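As stored in upload-v8.txt (compact mmCIF, C-alpha atoms):
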```txt
# COMPACT_ATOMS: atom_id res chain seq x y z
CA MET T 1 0.00 0.00 0.00
CA GLY T 2 2.85 2.39 0.81
CA ILE T 3 4.38 1.97 -2.64
CA LYS T 4 0.99 2.09 -4.36
CA TYR T 5 0.23 5.48 -2.81
CA GLY T 6 3.79 6.82 -2.84
CA VAL T 7 4.41 7.29 0.87
CA LEU T 8 7.76 5.47 0.97
CA GLY T 9 10.04 7.12 -1.58
CA PRO T 10 8.81 6.21 -5.06
CA ASN T 11 5.34 7.29 -6.19
CA PRO T 12 4.36 5.30 -9.30
CA VAL T 13 1.25 7.44 -9.87
CA SER T 14 3.05 10.82 -10.01
CA LYS T 15 6.29 9.23 -11.32
CA LYS T 16 8.24 11.20 -8.72
CA ALA T 17 10.18 10.19 -5.63
CA VAL T 18 10.56 11.83 -2.23
CA PHE T 19 13.50 11.00 0.02
CA TYR T 20 13.18 11.86 3.69
CA SER T 21 16.48 12.93 5.28
CA GLY T 22 18.52 11.72 2.32
CA GLY T 23 16.70 8.45 1.63
CA ASP T 24 19.57 6.30 2.91
CA LYS T 25 18.16 5.34 6.30
CA VAL T 26 16.95 1.75 6.38
CA ILE T 27 13.24 1.37 7.09
CA ALA T 28 11.15 -1.70 7.88
CA VAL T 29 8.56 -2.59 5.26
CA SER T 30 5.93 -5.34 5.21
CA THR T 31 3.59 -6.85 2.69
CA LEU T 32 -0.07 -7.17 3.61
CA SER T 33 0.13 -10.95 3.16
CA ASN T 34 3.06 -11.18 5.60
CA ILE T 35 1.18 -9.07 8.14
CA ALA T 36 -1.88 -11.31 7.80
CA THR T 37 0.21 -14.48 8.12
CA ALA T 38 1.95 -13.19 11.25
CA ILE T 39 -1.34 -12.24 12.90
CA VAL T 40 -2.93 -15.61 12.10
CA LYS T 41 0.10 -17.41 13.58
CA LEU T 42 0.03 -15.18 16.64
CA LEU T 43 -3.68 -15.76 17.26
CA GLY T 44 -3.44 -19.48 16.49
CA ASN T 45 -0.91 -20.26 19.20
CA GLU T 46 -2.05 -19.76 22.80
CA SER T 47 1.44 -19.20 24.20
CA THR T 48 2.39 -16.52 21.64
CA PHE T 49 -1.03 -14.92 21.99
CA GLU T 50 -0.69 -14.70 25.78
CA ALA T 51 2.82 -13.27 25.46
CA ALA T 52 1.56 -10.58 23.06
CA VAL T 53 -1.48 -9.41 25.02
CA ASN T 54 -1.31 -5.61 25.46
CA GLN T 55 2.13 -5.51 23.82
CA PRO T 56 3.19 -3.86 20.56
CA ILE T 57 3.77 -6.30 17.72
CA TYR T 58 6.46 -5.59 15.13
CA ILE T 59 6.22 -7.24 11.72
CA CYS T 60 8.94 -6.68 9.13
CA SER T 61 9.10 -8.37 5.72
CA ALA T 62 12.27 -6.54 4.66
CA ALA T 63 14.57 -3.70 5.60
CA VAL T 64 15.37 -1.29 2.77
CA SER T 65 16.25 2.36 2.22
CA GLU T 66 13.93 4.70 0.29
CA ARG T 67 16.71 5.14 -2.27
CA ARG T 68 17.01 1.36 -2.83
CA LEU T 69 13.22 0.93 -2.83
CA THR T 70 13.00 3.57 -5.57
CA GLU T 71 15.62 1.69 -7.61
CA LEU T 72 13.72 -1.59 -7.20
CA VAL T 73 10.37 -0.05 -8.18
CA SER T 74 12.02 1.66 -11.17
CA ASP T 75 13.59 -1.63 -12.30
CA PHE T 76 10.27 -3.48 -11.90
CA THR T 77 7.99 -0.86 -13.52
CA GLY T 78 10.36 0.86 -15.94
CA ILE T 79 9.40 4.25 -14.47
CA ASP T 80 12.09 6.95 -14.39
CA PHE T 81 11.47 8.82 -11.15
CA GLY T 82 13.88 11.61 -12.10
CA ILE T 83 15.60 13.65 -9.41
CA PRO T 84 13.93 12.92 -6.06
CA GLU T 85 12.61 15.69 -3.86
CA GLU T 86 14.62 15.93 -0.63
CA VAL T 87 12.54 16.50 2.52
CA SER T 88 13.84 16.93 6.05
CA VAL T 89 12.05 14.77 8.61
CA ARG T 90 12.58 17.55 11.17
CA GLU T 91 10.62 19.97 8.96
CA VAL T 92 7.75 17.49 8.56
CA ILE T 93 7.51 16.83 12.28
```

If you convert what's in this file into structure tokens, what do you get?
Amino acid sequence: MGIKYGVLGPNPVSKKAVFYSGGDKVIAVSTLSNIATAIVKLLGNESTFEAAVNQPIYICSAAVSERRLTELVSDFTGIDFGIPEEVSVREVI
């Protein structure tokens, strides 16, 4: 969903990319199917369910930078994202 709507670097709809704080920091990304699988496994096992009650759950399919993610999406779709817009996370917050 993040790639589809362009919130993680490359935006296939606008054919532009935005890098937050340089785009080189590694971020955790997950596919919806991996999130669903993890939740089903968590709920299906009483011991893991009990351990997770009222606790945050972290699910990560891959760790990748926005710059690398943009390269991968470009290779897969053939889209040239041009020169990415640089945005400071401090300015956004």

(message) So that I can see what lies close to Ile79 of chain T, please list as a ChimeraX atom specification the residues with an atom at most 8 Å from it, counting only C-alpha atoms and leaving out residues fewer than 3 positions away in the same chain.
(response) /T:12,15,73-75

Would you mind exporting C-alpha atoms of the selected residues as a PDB file, in the frame of the given file?
```pdb
ATOM      1  CA  PRO T  12       4.360   5.300  -9.300  1.00  0.00           C
ATOM      2  CA  LYS T  15       6.290   9.230 -11.320  1.00  0.00           C
ATOM      3  CA  VAL T  73      10.370  -0.050  -8.180  1.00  0.00           C
ATOM      4  CA  SER T  74      12.020   1.660 -11.170  1.00  0.00           C
ATOM      5  CA  ASP T  75      13.590  -1.630 -12.300  1.00  0.00           C
TER       6      ASP T  75
END
```

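Distance-wise, atom CA of Ile83 of chain T and atom CA of Phe19 of chain T end up 10.0 Å apart.
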
(request) Considering all atoms listed in the file, state which residue in the set T:Tyr20, T:Ile57, T:Lys41, T:Asn11 is at the smallest distance from Ile93 of chain T. (result) T:Tyr20

(request) Name all residues at most 8 Å from Glu85 of chain T (count all atoms listed in the file; drop same-chain ones fewer than 6 positions away) and give them as a PyMOL selection string. (result) chain T and resi 16-19

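Atom to atom, atom CA of Asp80 of chain T and atom CA of Gly6 of chain T stand 14.2 Å apart.
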
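The residue that comes closest to Asn34 of chain T, out of T:Ala62, T:Gly22, T:Val7, T:Glu50 and on the basis of only C-alpha atoms, is T:Ala62.
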
(request) Would you mind reading off the distance between atom CA of Thr48 of chain T and atom CA of Ala63 of chain T, one decimal, in Å? (result)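 Separation between atom CA of Thr48 of chain T and atom CA of Ala63 of chain T: 23.9 Å.
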
(message) Calculated over only C-alpha atoms, which of the candidates T:Ile39, T:Ile3, T:Val26, T:Ser88 has the smallest distance to Ile59 of chain T?
(response) T:Ile39

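If you count only C-alpha atoms and ignore residues fewer than 6 places along the chain from Arg67 of chain T, what sits within 8 Å of it is Gly9, Phe19, Gly23 and Asp24 of chain T.
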